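Each remark here refers to the structure printed beneath this line.
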Amino acid sequence: MFTRSKEKQSVQKEIDPSNLPEHIAIIMDGNGRWAKKRGLPRIAGHREGMKTIQKVVERAVELNLKALTLYAFSTENWKRPMNEVEFIMKLPSQFLDTYLPDLVKNNVKVTTIGDFDALPKYTKEAVSYSVKKTENNTGLILNFAINYGSRKEILDAVKQICLDYQEGQMDLDNLDEKAFSNYLTTHSLSDPDLVIRTSGEQRISNYLLWQIAYSEFYFTEKLWPDFNQKALDEAILAYQDRKRRFGGL
Ligand SMILES: CC(C)Oc1ccc(CN(CCC(N)=O)C(=O)c2cnn(Cc3ccccc3)c2-c2ccc3sccc3c2)cc1
């Protein structure tokens with residue numbers, strides 16, 4: 001019977017910098033459940049969830065990832081009680097007041113996809129200010145899905161293609177997958193290499209349907225407020241193991 005040496009048991013597998021997922025898309029789920037488990041109001045879960053966003057962004061910058069797309073999923077996105085929606089709509093300006101200086105310092109570019117106009121005026125102002133302030137940055141692209149729905153995104157692309165075709169701007173022979181992708185709101189991003197969803201749900205929930213055609217999926221039971229830099233590293237290590245094991249082109 002052999003005994004594994006102490007250091008072997010504690011060795012932490014290292015992330016291989018040469019095989020990083022360039023673009024990670026995260027469905028941040030579990031704030032409400034996290035609060036409920038602790039007998040706290042749901043907004044306490046969202047407040048904790050904000051700290052997780054900051055930790056994950058910091059780690060993405062450290063790892064020099066190209067893009068991080070964040071999607072706050074919850075079934076009752078707009079069917080929430082009024083006070084919760086109001087609280088949520090105040091989060092972006094608080095988040096940006098707190099972290100925008102760091103984001104600017106770290107050369108992060110803030111972008112959004114989805115129906116931005118549906119947000120209250122003060123939220124829209126905070127978001128457009130941060131997008132404007134970071135538009136020339138060349139580091140991590142921090143992309144927020146705001147009131148985003150993938151089927152609507154694809155339908156809007158089809159409608160635009162029909163309009164372009166009607167006006168003779170579009171030659172259908174040139175309409176290949178690349179050309180189609182340019183009509184999507186994610187046109188400036190490469191497809192996500194890794195999709196992470198927290199809180200144990202294994203659904204895509206109408207998120208980046210076209211873009212995730214070849215993505216790896218990583219589902220974790222962890223609730224979003226319990227997710228952290230170590231959990232992100234574990235997801236990346238799992239991605240790298242799969243890439244190594246299945247190799248391929
Ligand atoms: C540029 C960026 C800073 O501004 C925005 C970013 C997002 C939105 C979109 N938004 C609100 C409206 C909607 N339902 O789409 C959500 O996605 C949504 C729904 N719950 N939570 C709480 C939550 C907090 C933390 C984790 C998950 C959910 C959020 C949420 C998501 C991420 C972040 S980051 C700063 C605030 C915030 C709020 C609007 C503006």
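Letters A, B, ... go to the chains of the structure tokens in the order shown; residues in each chain start at 1; ligands are counted from 1 in the same order.
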Next on the checklist: I'd like to know which residues of segment 92-162 of chain A are alpha helix (DSSP H) (by DSSP, run on the backbone); could you write them as a ChimeraX atom specification?
Outcome noted: /A:92-105,121-133,150-162
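Neighbouring residues of Val57 of chain A at 10 Å or closer, counting only C-alpha atoms and skipping chain neighbours under 2 positions away, are Lys51, Thr52, Ile53, Gln54, Lys55, Arg59, Ala60, Val61, Glu62, Leu63, Leu65, Ala67, Leu68, Leu70, Leu103, Val108, Leu140, Ile141, Leu142 and Gln229 of chain A.
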Pull N, CA, C and O atoms from the residues just selected and write them as a short mmCIF file (atom, residue, chain, number, x, y, z; two decimals), in the first residue's frame.
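Listing of result-v2.cif after writing:
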data_model
loop_
_atom_site.label_atom_id
_atom_site.label_comp_id
_atom_site.auth_asym_id
_atom_site.auth_seq_id
_atom_site.Cartn_x
_atom_site.Cartn_y
_atom_site.Cartn_z
N LYS A 51 -20.86 41.66 -4.71
CA LYS A 51 -19.47 41.47 -4.27
C LYS A 51 -18.83 40.35 -5.11
O LYS A 51 -17.67 40.42 -5.49
N THR A 52 -19.65 39.35 -5.44
CA THR A 52 -19.14 38.24 -6.26
C THR A 52 -18.77 38.74 -7.65
O THR A 52 -17.73 38.36 -8.20
N ILE A 53 -19.59 39.65 -8.19
CA ILE A 53 -19.28 40.19 -9.52
C ILE A 53 -17.90 40.84 -9.49
O ILE A 53 -17.04 40.58 -10.33
N GLN A 54 -17.66 41.60 -8.41
CA GLN A 54 -16.37 42.32 -8.32
C GLN A 54 -15.20 41.31 -8.23
O GLN A 54 -14.19 41.45 -8.92
N LYS A 55 -15.39 40.24 -7.44
CA LYS A 55 -14.30 39.25 -7.27
C LYS A 55 -14.00 38.57 -8.60
O LYS A 55 -12.84 38.38 -8.98
N ARG A 59 -10.55 38.65 -10.94
CA ARG A 59 -9.81 37.43 -11.31
C ARG A 59 -9.69 37.34 -12.84
O ARG A 59 -8.64 36.96 -13.36
N ALA A 60 -10.75 37.78 -13.54
CA ALA A 60 -10.72 37.75 -15.01
C ALA A 60 -9.63 38.70 -15.52
O ALA A 60 -8.91 38.38 -16.48
N VAL A 61 -9.48 39.84 -14.84
CA VAL A 61 -8.43 40.80 -15.23
C VAL A 61 -7.05 40.17 -14.95
O VAL A 61 -6.17 40.18 -15.81
N GLU A 62 -6.90 39.56 -13.76
CA GLU A 62 -5.61 38.92 -13.40
C GLU A 62 -5.22 37.86 -14.44
O GLU A 62 -4.08 37.75 -14.84
N LEU A 63 -6.24 37.07 -14.87
CA LEU A 63 -5.96 35.98 -15.81
C LEU A 63 -5.85 36.49 -17.24
O LEU A 63 -5.59 35.73 -18.17
N LEU A 65 -8.17 37.44 -19.25
CA LEU A 65 -9.20 36.91 -20.17
C LEU A 65 -9.59 38.02 -21.14
O LEU A 65 -9.42 39.21 -20.84
N ALA A 67 -12.83 38.38 -22.59
CA ALA A 67 -14.20 38.88 -22.36
C ALA A 67 -14.92 38.07 -21.31
O ALA A 67 -14.67 36.87 -21.14
N LEU A 68 -15.81 38.78 -20.60
CA LEU A 68 -16.65 38.17 -19.57
C LEU A 68 -18.05 38.74 -19.79
O LEU A 68 -18.23 39.95 -19.76
N LEU A 70 -21.87 38.76 -18.42
CA LEU A 70 -22.63 38.45 -17.20
C LEU A 70 -24.13 38.61 -17.44
O LEU A 70 -24.58 39.62 -17.98
N LEU A 103 -12.13 49.79 -12.65
CA LEU A 103 -12.29 49.25 -14.01
C LEU A 103 -11.45 50.07 -14.98
O LEU A 103 -10.76 49.52 -15.84
N VAL A 108 -10.39 48.03 -18.30
CA VAL A 108 -11.57 47.22 -18.61
C VAL A 108 -12.52 48.04 -19.48
O VAL A 108 -12.72 49.22 -19.26
N LEU A 140 -9.83 43.64 -20.56
CA LEU A 140 -11.00 42.76 -20.45
C LEU A 140 -12.26 43.50 -20.94
O LEU A 140 -12.49 44.66 -20.55
N ILE A 141 -13.06 42.82 -21.79
CA ILE A 141 -14.38 43.34 -22.15
C ILE A 141 -15.37 42.80 -21.13
O ILE A 141 -15.57 41.58 -21.03
N LEU A 142 -15.95 43.71 -20.33
CA LEU A 142 -16.93 43.32 -19.30
C LEU A 142 -18.30 43.66 -19.86
O LEU A 142 -18.69 44.81 -19.94
N GLN A 229 -13.39 33.54 -6.51
CA GLN A 229 -12.26 33.39 -7.44
C GLN A 229 -11.82 31.93 -7.54
O GLN A 229 -11.51 31.44 -8.62
#
re atom CA of Ala126 of chain A and atom CA of Tyr183 of chain A: distance 26.3 Å
#### Entry: Near-segment 197-214 of chain A list (8 Å; only C-alpha atoms; drop same-chain fewer than 4 positions) as a list in words
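Residues near the query, excluding close chain neighbours: Ile26, Ile27, Met28, Asp29, Gly30, Phe73, Tyr148, Gly149, Ser150, Arg151, Ile154, Asp191, Pro192, Asp193, Tyr218, Phe219, Thr220, Glu221, Lys222, Leu223, Trp224 and Phe227 of chain A.
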7 Å from ligand 1 is the threshold here; counting only C-alpha atoms and all ligand atoms, which polymer residues fall inside it? Answer as a PyMOL selection string. chain A and resi 28-29+31+46-47+49-50+53+70-73+77-78+88-89+91-93+95-96+110-112+119+123+127+130+144-148+224
Selection from above, N, CA and C atoms, as a short mmCIF file (atom, residue, chain, number, x, y, z; two decimals), in the first residue's frame, can you write it?
data_model
loop_
_atom_site.label_atom_id
_atom_site.label_comp_id
_atom_site.auth_asym_id
_atom_site.auth_seq_id
_atom_site.Cartn_x
_atom_site.Cartn_y
_atom_site.Cartn_z
N MET A 28 -25.64 34.22 -13.70
CA MET A 28 -25.48 34.41 -12.26
C MET A 28 -26.81 34.12 -11.58
N ASP A 29 -26.96 32.95 -11.01
CA ASP A 29 -28.25 32.53 -10.47
C ASP A 29 -28.08 32.10 -9.01
N ASN A 31 -29.14 34.24 -6.10
CA ASN A 31 -29.14 35.28 -5.04
C ASN A 31 -30.31 35.09 -4.08
N HIS A 46 -28.90 39.91 -3.48
CA HIS A 46 -28.39 40.72 -4.60
C HIS A 46 -27.19 41.54 -4.16
N ARG A 47 -27.27 42.05 -2.93
CA ARG A 47 -26.14 42.88 -2.43
C ARG A 47 -24.88 42.00 -2.36
N GLY A 49 -24.44 39.32 -4.07
CA GLY A 49 -24.12 38.95 -5.46
C GLY A 49 -23.26 39.98 -6.15
N MET A 50 -23.40 41.23 -5.73
CA MET A 50 -22.59 42.30 -6.33
C MET A 50 -21.11 42.11 -5.98
N ILE A 53 -19.59 39.65 -8.19
CA ILE A 53 -19.28 40.19 -9.52
C ILE A 53 -17.90 40.84 -9.49
N LEU A 70 -21.87 38.76 -18.42
CA LEU A 70 -22.63 38.45 -17.20
C LEU A 70 -24.13 38.61 -17.44
N TYR A 71 -24.88 37.62 -17.02
CA TYR A 71 -26.33 37.60 -17.24
C TYR A 71 -26.99 37.26 -15.92
N ALA A 72 -27.78 38.18 -15.43
CA ALA A 72 -28.44 37.92 -14.15
C ALA A 72 -29.75 37.23 -14.46
N PHE A 73 -29.75 35.92 -14.25
CA PHE A 73 -31.00 35.24 -14.58
C PHE A 73 -31.85 35.03 -13.36
N ASN A 77 -37.81 37.76 -13.64
CA ASN A 77 -37.00 38.96 -13.85
C ASN A 77 -37.80 40.24 -13.63
N TRP A 78 -38.96 40.31 -14.26
CA TRP A 78 -39.76 41.54 -14.13
C TRP A 78 -40.99 41.31 -13.28
N ILE A 88 -32.85 46.67 -7.28
CA ILE A 88 -31.96 46.18 -8.34
C ILE A 88 -31.56 47.30 -9.28
N MET A 89 -32.53 48.15 -9.59
CA MET A 89 -32.24 49.22 -10.55
C MET A 89 -31.31 50.28 -9.97
N LEU A 91 -28.73 49.26 -8.15
CA LEU A 91 -27.43 48.58 -8.02
C LEU A 91 -26.40 49.05 -9.05
N PRO A 92 -26.80 49.17 -10.33
CA PRO A 92 -25.78 49.52 -11.32
C PRO A 92 -25.04 50.81 -11.00
N SER A 93 -25.78 51.86 -10.61
CA SER A 93 -25.07 53.14 -10.33
C SER A 93 -24.20 52.99 -9.09
N PHE A 95 -22.80 50.18 -8.12
CA PHE A 95 -21.68 49.33 -8.56
C PHE A 95 -20.64 50.18 -9.29
N LEU A 96 -21.14 51.03 -10.19
CA LEU A 96 -20.21 51.83 -11.01
C LEU A 96 -19.55 52.93 -10.19
N VAL A 110 -16.35 48.41 -20.58
CA VAL A 110 -17.71 48.00 -20.19
C VAL A 110 -18.63 48.09 -21.41
N THR A 111 -19.32 46.98 -21.71
CA THR A 111 -20.27 47.00 -22.84
C THR A 111 -21.57 46.34 -22.36
N THR A 112 -22.65 46.53 -23.15
CA THR A 112 -23.93 45.87 -22.80
C THR A 112 -24.53 45.24 -24.04
N LEU A 119 -34.56 50.28 -19.08
CA LEU A 119 -34.10 50.60 -17.72
C LEU A 119 -34.58 52.00 -17.31
N THR A 123 -30.62 54.63 -14.15
CA THR A 123 -29.81 53.42 -14.41
C THR A 123 -29.15 53.55 -15.77
N VAL A 127 -25.12 53.60 -16.67
CA VAL A 127 -24.55 52.60 -17.58
C VAL A 127 -23.89 53.27 -18.77
N SER A 130 -20.59 54.79 -17.96
CA SER A 130 -19.46 53.84 -17.78
C SER A 130 -19.04 53.25 -19.12
N PHE A 144 -22.37 43.27 -20.03
CA PHE A 144 -23.55 42.95 -19.21
C PHE A 144 -24.76 42.71 -20.11
N ALA A 145 -25.42 41.57 -19.88
CA ALA A 145 -26.66 41.30 -20.62
C ALA A 145 -27.78 41.95 -19.83
N ILE A 146 -28.39 42.95 -20.44
CA ILE A 146 -29.43 43.73 -19.75
C ILE A 146 -30.76 43.50 -20.45
N ASN A 147 -31.73 42.90 -19.75
CA ASN A 147 -33.03 42.61 -20.38
C ASN A 147 -32.80 41.95 -21.73
N TYR A 148 -31.94 40.95 -21.69
CA TYR A 148 -31.48 40.31 -22.92
C TYR A 148 -32.25 39.03 -23.18
N TRP A 224 -24.85 31.96 -6.49
CA TRP A 224 -23.99 33.03 -6.98
C TRP A 224 -23.25 33.77 -5.86
#
Checklist entry - Near Pro41 of chain A, counting only C-alpha atoms, which residues have an atom at most 12 Å away, once you skip same-chain residues fewer than 5 positions from it, shown as a list in words? => result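 Residues meeting the cut-off are Asn31, Gly32, Arg33, Trp34, Ala35, Lys36, His46, Arg47, Glu48, Pro81, Asn83, Glu84 and Phe87 of chain A.
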Given only C-alpha atoms as the counted atoms, nearest of A:Asp97, A:Asn136, A:Arg245, A:Glu125 to Lys109 of chain A |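 Among the listed residues, A:Asn136 lies closest to Lys109 of chain A.
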